[in-house]
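Report on one structure; see the data block that follows.
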Amino acid sequence: MNRNKKSESPSQESVLKMSLRGPVWGRSNPGKSKSDLDFDIAVLGGRVIDPETKMDRIVDIFIHNGVIKRIEKPKSKLRAEEVIDAKGMIVVPGLIDMHTHLREPGREDEETIYTGSCAAVAGGFTSICCMPNTHPPIDNQETVKFIYEKAKSAKCKIYPIGCVTKGQMGEELTEIYDLVQADVVAISDDGKPVSNPQVMRNALEYSRMFNLLVISHCEDLSLSAGGVMHEGFISTSLGMCGIPSVAEEIMIARDIKLAEFTKARIHIAHVSTEGSVELIRQAKKRGVKVTCEATPHHFTLSHEIIKTFDTNAKVNPPLRTKRDVETIKKGLKDGTIDCIATDHAPHSIEEKEVEFDFAPCGMVGLETALSLVITELIDKKVLSWSQAIAKLTINPARILNLNAGRIKKDSPADVTIIDPKASWVVDPSLFQSKSKNSPFGGRRLKGKVFCTIVDGKVESREFRV
Amino acid sequence: MKLRSKHLLGLEGMSEEEIAFILDTAETFKEILSRPIRIVPTLRGVGIVNLFYEPSTRTRISFELAEKRLSAEVVNFSTSVSSVKKGETLKDTVRNIEAMKIDMVVVRHQSSGVPYFLTQCLNASIINAGDGAHEHPTQGLLDLFTIREKYKRIKGLKVVIVGDIKYSRVARSNIWGLKAMGADVSVCGPTTLLPIEIEKMGIKAYSDLDQALEGADVVNVLRIQLERQKGGLLPSLREYTNKFGITKERLNRLNENFTIMHPGPINRGVEITPEVADGPHSVILDQVTNGVAIRMAVLYLLSGGEGKVE
């Protein structure tokens with residue numbers, strides 16, 4: 001069998017990927033035809049963690065017609081066409097990324113909906129929410145329909161997020177009801193803030209009638225103007241124009257106040273500073289309907305990395321201080337930060353291989369996110385497995401009202417199987433994503449996606465070495 | 001002795017020994033510059049391109065003279081005649097130039113980190129002639145040379161850098177260089193032009209000029225640019241002059257044998273009065289003279305020279 005194939009050299013270990021729709025790993029009943037078997041797929045002997053039901057034990061999962069049909073104690077007599085041996089593996093609900101940039105329509109040279117979905121399943125994500133800052137932006141029904149049309153051939157589920165304002169110009173609201181009718185899961189002008197507080201107030205108030213989530217990219221553009229990295233000692237010594245923490249915090253404070261006043265829900269994207277975490281913590285205590293997310297790069301990297309002028313580490317919000325990194329971890333631990341989202345932002349090599357000042361912001365993240373969570377949060381005892389997985393599954397599912405993020409009977413068979421002991425070195429050239437702009441190249445990470453199942457279909461698989 | 005790197009990107013991280021070695025070598029070149037025939041064949045056949053993405057008079061002329069006096073092959077390149085305006089990337093531009101067999105690149109750019117970026121795309125030696133507000137190492141070295149020439153030492157001297165610290169690469173290179181050589185360094189300027197956490201560079205920061213000047217040996221006055229007023233960092237240049245202008249009256253707080261420096265170009269009457277700029281304690285023109293010697297030393301050492309020049 002292919003799964004026993006050894007890699008030629010150690011450097012290639014664990015990067016051996018195969019096309020996934022083909023041969024199965026094992027047939028429990030080789031002589032029988034499919035119709036004689038009870039289930040399509042059996043995932044056997046894995047440690048199944050479902051944060052919603054607090055399940056954490058070794059069980060077998062049986063999938064049929066895209067749905068989780070049975071969860072059984074090991075050694076049941078049930079039979080399936082395809083059997084996945086998950087011994088030593090951790091089996092979790094398919095991961096959800098509520099903050100992804102796919103570049104289609106507009107910059108298909110950087111990422112398409114299809115290539116983005118390949119990156120997603122390679123990284124264990126079965127659902128991704130794509131931000132609307134495409135060209136043209138997702139600010140009308142037609143573009144939403146276009147995304148859903150393209151999503152039909154994607155390897156994972158794609159949920160579009162619509163714009164708050166027309167053309168993301170921050171002036172006129174989009175036809176939000178129309179967008180809701182077309183099934184957007186949230187609205188956001190991500191990449192750009194909604195600078196005018198009256199526009200934001202209207203967006204929050206208007207969306208409330210659809211119980212539609214507004215996701216806010218918090219940045220005061222006058223305070224961040226010209227900035228290319230965090231304003232701190234490193235920007236001072238490098239002579240770079242800094243983006244102060246307060247540029248983010250002041251907008252979070254505003255948005256919290258507006259959400260409190262309008263009684264609407266708001267979700268703060270990519271929280272990066274100590275002050276931001278504290279503002280959200282206090283707001284939650286007061287009962288404001290605010291949720292938030294942090295990215296793997298903001299809990300892993302600090303602004304020190306900019307000393308090498310690596311444009312792949314240029315992101316917005318910028319990488320902050322070590323102290324901020326620690327505070328993000330604390331916020332994840334105490335529950336202030338609800339979700340982990342990638343802010344996967346593909347950029348071409350030509351765009352990134354330029355002067356630091358001129359490079360666009362953003363890094364890809366779908367294929368490193370889970371391993372960074374394992375390496376930086378679980379291994380370092382910041383979060384338990386269940387806590388970490390909740391922030392990648394059930395929490396975003398609840399915030400976005402998605403029927404996903406659960407392993408239970410009759411729920412969609414979106415399942416991610418993780419090899420928690422795998423150790424691998426990031427090589428961006430091997431990414432499924434069309435873009436390779438990751439600052440994590442060469443970094444050794446622990447834990448890797450072993451298999452990703454979307455709607456009962458194996459969409460990504462790796463072989464044990 | 002040889003320099004550790006084949007590039008000169010900045011003075012941050014340079015050792016006292018290495019800096020002293022460059023200054024010593026520059027002394028030899030300064031002597032050569034005083035001879036009737038000022039040209040030596042040291043860099044014959046070495047191709048150097050001066051890549052200036054930002055206007056510069058002094059630094060460019062100084063590098064060009066240094067290169068020509070070392071008999072190098074010199075090519076000048078500036079944005080107005082380059083393909084940059086046609087939309088070519090920096091990387092493509094420099095790789096094309098290198099394809100024409102260039103050994104050293106002297107680069108000036110408005111963006112911090114460009115010299116480092118060039119080391120990643122080229123095999124040539126890269127010399128930073130000023131990148132954004134990051135570093136201007138040859139300016140830092142010529143300032144150190146000028147100070148050492150006058151006092152015969154740098155260690156223990158009190159040096160104050162006055163002006164727009166936030167946007168000054170000269171300030172940063174001076175701070176790193178002076179710290180490495182054991183000077184006591186402070187900076188002084190309006191709070192809006194002192195970058196965040198500047199004290200972490202191991203220096204003191206003041207916004208009271210008289211306090212900063214107390215007992216200082218050297219005052220390095222930086223150019224203040226009109227753009228700062230437009231950017232809202234200064235209400236007016238007039239107000240700047242009143243609070244931070246170096247005038248004769250303020251000099252009595254300094255040590256007796258004090259020195260006034262300025263990297264140029266000077267805004268006479270703004271950051272410094274003509275009286276002080278042209279006064280007996282000013283070494284502003286010595287700095288310019290020494291600049292050529294320093295650049296000859298740097299070019300020579302980075303091309304593999306080991307310190308002995310005939």
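Chain labels follow the order of the structure tokens: the first chain is A, the next B, and so on; residue numbering restarts at 1 in every chain, and ligands are counted from 1 in their shown order.
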Subject >> Contact residues (chain B, partner chain A, 12 Å, only C-alpha atoms) as number ranges by chain >> reply: B: 9-13, 53, 88-94, 109-121, 130-136, 165-173, 175-176, 193-202, 231-232
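Residues of segment 140-209 of chain B assigned to alpha helix (DSSP H) by DSSP on this structure's backbone: Gly140, Leu141, Leu142, Asp143, Leu144, Phe145, Thr146, Ile147, Arg148, Glu149, Lys150, Tyr151, Arg169, Val170, Ala171, Arg172, Ser173, Asn174, Ile175, Trp176, Gly177, Leu178, Lys179, Ala180 and Leu209 of chain B.
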Those same residues - N, CA and C atoms - I'd like them written as an mmCIF file, in the first residue's frame.
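Output file out.cif is given in full below:
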```
data_model
loop_
_atom_site.group_PDB
_atom_site.id
_atom_site.type_symbol
_atom_site.label_atom_id
_atom_site.label_comp_id
_atom_site.auth_asym_id
_atom_site.auth_seq_id
_atom_site.Cartn_x
_atom_site.Cartn_y
_atom_site.Cartn_z
ATOM 1 N N GLY B 140 28.383 58.314 10.013
ATOM 2 C CA GLY B 140 28.710 58.039 11.411
ATOM 3 C C GLY B 140 30.225 57.906 11.594
ATOM 4 N N LEU B 141 30.859 57.181 10.675
ATOM 5 C CA LEU B 141 32.305 56.961 10.780
ATOM 6 C C LEU B 141 33.079 58.263 10.601
ATOM 7 N N LEU B 142 32.636 59.097 9.657
ATOM 8 C CA LEU B 142 33.391 60.345 9.456
ATOM 9 C C LEU B 142 33.199 61.283 10.635
ATOM 10 N N ASP B 143 32.047 61.199 11.284
ATOM 11 C CA ASP B 143 31.846 61.998 12.489
ATOM 12 C C ASP B 143 32.760 61.499 13.610
ATOM 13 N N LEU B 144 32.859 60.172 13.746
ATOM 14 C CA LEU B 144 33.760 59.611 14.760
ATOM 15 C C LEU B 144 35.206 60.001 14.459
ATOM 16 N N PHE B 145 35.559 59.936 13.180
ATOM 17 C CA PHE B 145 36.920 60.276 12.763
ATOM 18 C C PHE B 145 37.236 61.719 13.126
ATOM 19 N N THR B 146 36.288 62.614 12.847
ATOM 20 C CA THR B 146 36.494 64.038 13.101
ATOM 21 C C THR B 146 36.636 64.295 14.609
ATOM 22 N N ILE B 147 35.821 63.608 15.390
ATOM 23 C CA ILE B 147 35.919 63.772 16.853
ATOM 24 C C ILE B 147 37.265 63.250 17.352
ATOM 25 N N ARG B 148 37.643 62.075 16.868
ATOM 26 C CA ARG B 148 38.890 61.473 17.337
ATOM 27 C C ARG B 148 40.097 62.300 16.911
ATOM 28 N N GLU B 149 39.992 62.879 15.716
ATOM 29 C CA GLU B 149 41.090 63.714 15.209
ATOM 30 C C GLU B 149 41.330 64.894 16.138
ATOM 31 N N LYS B 150 40.236 65.440 16.650
ATOM 32 C CA LYS B 150 40.386 66.635 17.486
ATOM 33 C C LYS B 150 40.793 66.282 18.922
ATOM 34 N N TYR B 151 40.142 65.280 19.493
ATOM 35 C CA TYR B 151 40.367 64.996 20.926
ATOM 36 C C TYR B 151 41.363 63.869 21.161
ATOM 37 N N ARG B 169 18.818 59.145 10.037
ATOM 38 C CA ARG B 169 19.722 57.997 9.969
ATOM 39 C C ARG B 169 21.093 58.374 10.500
ATOM 40 N N VAL B 170 21.441 59.667 10.381
ATOM 41 C CA VAL B 170 22.730 60.125 10.899
ATOM 42 C C VAL B 170 22.757 59.940 12.417
ATOM 43 N N ALA B 171 21.636 60.269 13.049
ATOM 44 C CA ALA B 171 21.566 60.117 14.508
ATOM 45 C C ALA B 171 21.781 58.659 14.893
ATOM 46 N N ARG B 172 21.112 57.745 14.213
ATOM 47 C CA ARG B 172 21.220 56.328 14.597
ATOM 48 C C ARG B 172 22.639 55.804 14.402
ATOM 49 N N SER B 173 23.248 56.112 13.261
ATOM 50 C CA SER B 173 24.618 55.622 13.041
ATOM 51 C C SER B 173 25.575 56.244 14.050
ATOM 52 N N ASN B 174 25.377 57.523 14.342
ATOM 53 C CA ASN B 174 26.223 58.163 15.347
ATOM 54 C C ASN B 174 26.041 57.511 16.714
ATOM 55 N N ILE B 175 24.811 57.247 17.082
ATOM 56 C CA ILE B 175 24.566 56.653 18.399
ATOM 57 C C ILE B 175 25.273 55.304 18.516
ATOM 58 N N TRP B 176 25.065 54.430 17.510
ATOM 59 C CA TRP B 176 25.686 53.096 17.610
ATOM 60 C C TRP B 176 27.207 53.209 17.632
ATOM 61 N N GLY B 177 27.751 54.054 16.742
ATOM 62 C CA GLY B 177 29.201 54.192 16.650
ATOM 63 C C GLY B 177 29.797 54.781 17.921
ATOM 64 N N LEU B 178 29.191 55.849 18.393
ATOM 65 C CA LEU B 178 29.700 56.505 19.595
ATOM 66 C C LEU B 178 29.606 55.582 20.805
ATOM 67 N N LYS B 179 28.492 54.845 20.903
ATOM 68 C CA LYS B 179 28.342 53.903 22.022
ATOM 69 C C LYS B 179 29.437 52.839 21.966
ATOM 70 N N ALA B 180 29.697 52.327 20.772
ATOM 71 C CA ALA B 180 30.720 51.288 20.638
ATOM 72 C C ALA B 180 32.081 51.826 21.066
ATOM 73 N N LEU B 209 17.001 71.848 25.894
ATOM 74 C CA LEU B 209 18.306 71.977 25.250
ATOM 75 C C LEU B 209 19.403 72.370 26.242
#
```
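Straight-line separation from atom CA of Lys73 of chain A to atom CA of Glu459 of chain A: 25.5 Å.
Residues in contact with His270 of chain A at up to 6 Å, not including ones fewer than 6 positions away on its chain and judged by only C-alpha atoms, are Glu293, Ala294 and Thr295 of chain A.
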Considering only C-alpha atoms, return as a PDB file with N, CA and C atoms, in the first residue's frame whatever protein or nucleic-acid residues lie within 7 Å of Gly156 of chain B, sequence-local ones (same chain, fewer than 6 positions apart) excluded.
```pdb
ATOM      1  N   GLY B 182      32.608  54.078  23.314  1.00  0.00           N
ATOM      2  CA  GLY B 182      32.641  54.427  24.732  1.00  0.00           C
ATOM      3  C   GLY B 182      32.286  55.860  25.062  1.00  0.00           C
ATOM      4  N   ALA B 183      31.649  56.576  24.142  1.00  0.00           N
ATOM      5  CA  ALA B 183      31.244  57.951  24.448  1.00  0.00           C
ATOM      6  C   ALA B 183      29.958  57.949  25.279  1.00  0.00           C
ATOM      7  N   ASP B 184      29.711  59.096  25.895  1.00  0.00           N
ATOM      8  CA  ASP B 184      28.484  59.294  26.664  1.00  0.00           C
ATOM      9  C   ASP B 184      27.533  60.059  25.733  1.00  0.00           C
TER      10      ASP B 184
END
```
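Take atom CA of Lys155 of chain B and atom CA of Thr25 of chain B: the distance between them is 19.1 Å.
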Original post:
Contacts of Cys339 of chain A at 12 Å or less, counting only C-alpha atoms, minus same-chain residues fewer than 3 places along, as JSON, numbers by chain?
Top reply: {"A": [95, 96, 97, 98, 99, 267, 268, 269, 270, 271, 291, 292, 293, 294, 295, 296, 328, 329, 331, 332, 333, 335, 336, 342, 343, 373, 387, 388, 389, 390, 391, 392, 393, 394, 395, 396, 397, 398, 399, 400]}
For the residues in that selection, give me C-alpha atoms as a short mmCIF file (atom, residue, chain, number, x, y, z; two decimals), in the first residue's frame.
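This is the output file selection.cif:
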```
data_model
loop_
_atom_site.label_atom_id
_atom_site.label_comp_id
_atom_site.auth_asym_id
_atom_site.auth_seq_id
_atom_site.Cartn_x
_atom_site.Cartn_y
_atom_site.Cartn_z
CA LEU A 95 -11.54 23.21 11.55
CA ILE A 96 -13.20 26.50 10.65
CA ASP A 97 -11.26 29.56 9.58
CA MET A 98 -13.43 32.60 9.93
CA HIS A 99 -10.85 34.92 8.37
CA HIS A 267 -16.59 40.58 16.25
CA ILE A 268 -13.12 42.12 16.43
CA ALA A 269 -10.75 40.68 13.86
CA HIS A 270 -7.08 39.88 14.51
CA VAL A 271 -6.54 41.35 17.99
CA THR A 291 -16.28 38.41 20.37
CA CYS A 292 -12.82 38.36 18.88
CA GLU A 293 -10.12 36.33 17.24
CA ALA A 294 -6.32 36.17 17.23
CA THR A 295 -4.04 34.87 14.49
CA PRO A 296 -1.30 32.28 14.91
CA ILE A 328 -2.62 37.31 23.44
CA LYS A 329 -1.84 33.91 24.94
CA GLY A 331 -6.46 36.21 26.42
CA LEU A 332 -6.76 32.87 24.66
CA LYS A 333 -6.38 31.05 27.95
CA GLY A 335 -11.42 32.98 27.09
CA THR A 336 -11.32 36.66 26.22
CA THR A 342 -5.57 32.66 10.10
CA ASP A 343 -5.97 35.96 8.25
CA VAL A 373 -1.49 26.10 17.72
CA GLN A 387 -9.76 24.51 24.55
CA ALA A 388 -7.58 24.98 21.50
CA ILE A 389 -9.84 22.97 19.21
CA ALA A 390 -12.91 24.87 20.47
CA LYS A 391 -11.33 28.10 19.20
CA LEU A 392 -10.91 26.52 15.79
CA THR A 393 -14.31 24.80 15.59
CA ILE A 394 -17.35 25.28 17.77
CA ASN A 395 -16.59 28.88 18.77
CA PRO A 396 -16.44 30.28 15.23
CA ALA A 397 -19.40 28.02 14.30
CA ARG A 398 -21.52 29.58 17.03
CA ILE A 399 -20.41 33.12 16.26
CA LEU A 400 -21.27 32.65 12.59
#
```
**OP:** Would you mind writing down, as a count of residues only, each residue of segment 174-251 of chain B that DSSP on the backbone assigns to strand (DSSP E)?
**Re:** 12
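If you count only C-alpha atoms and ignore residues fewer than 2 places along the chain from Ser224 of chain A, what sits within 6 Å of it is Leu221, Ser222, Gly227, Ile243 and Ala247 of chain A.
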Original post:
Which polymer residues have any atom within 12 Å of an atom of Asp278 of chain B, counting only C-alpha atoms, with same-chain residues fewer than 4 positions away left out, as a list in words?
Top reply: Thr247, Lys248, Thr259, Ile260, Met261, His262, Ile266, Arg268, Gly269, Ile272, Thr273, Pro274, Ser282, Val283, Ile284, Leu285 and Asp286 of chain B
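We find atom CA of Ala66 of chain B and atom CA of Gly304 of chain B to be spaced 16.2 Å apart.
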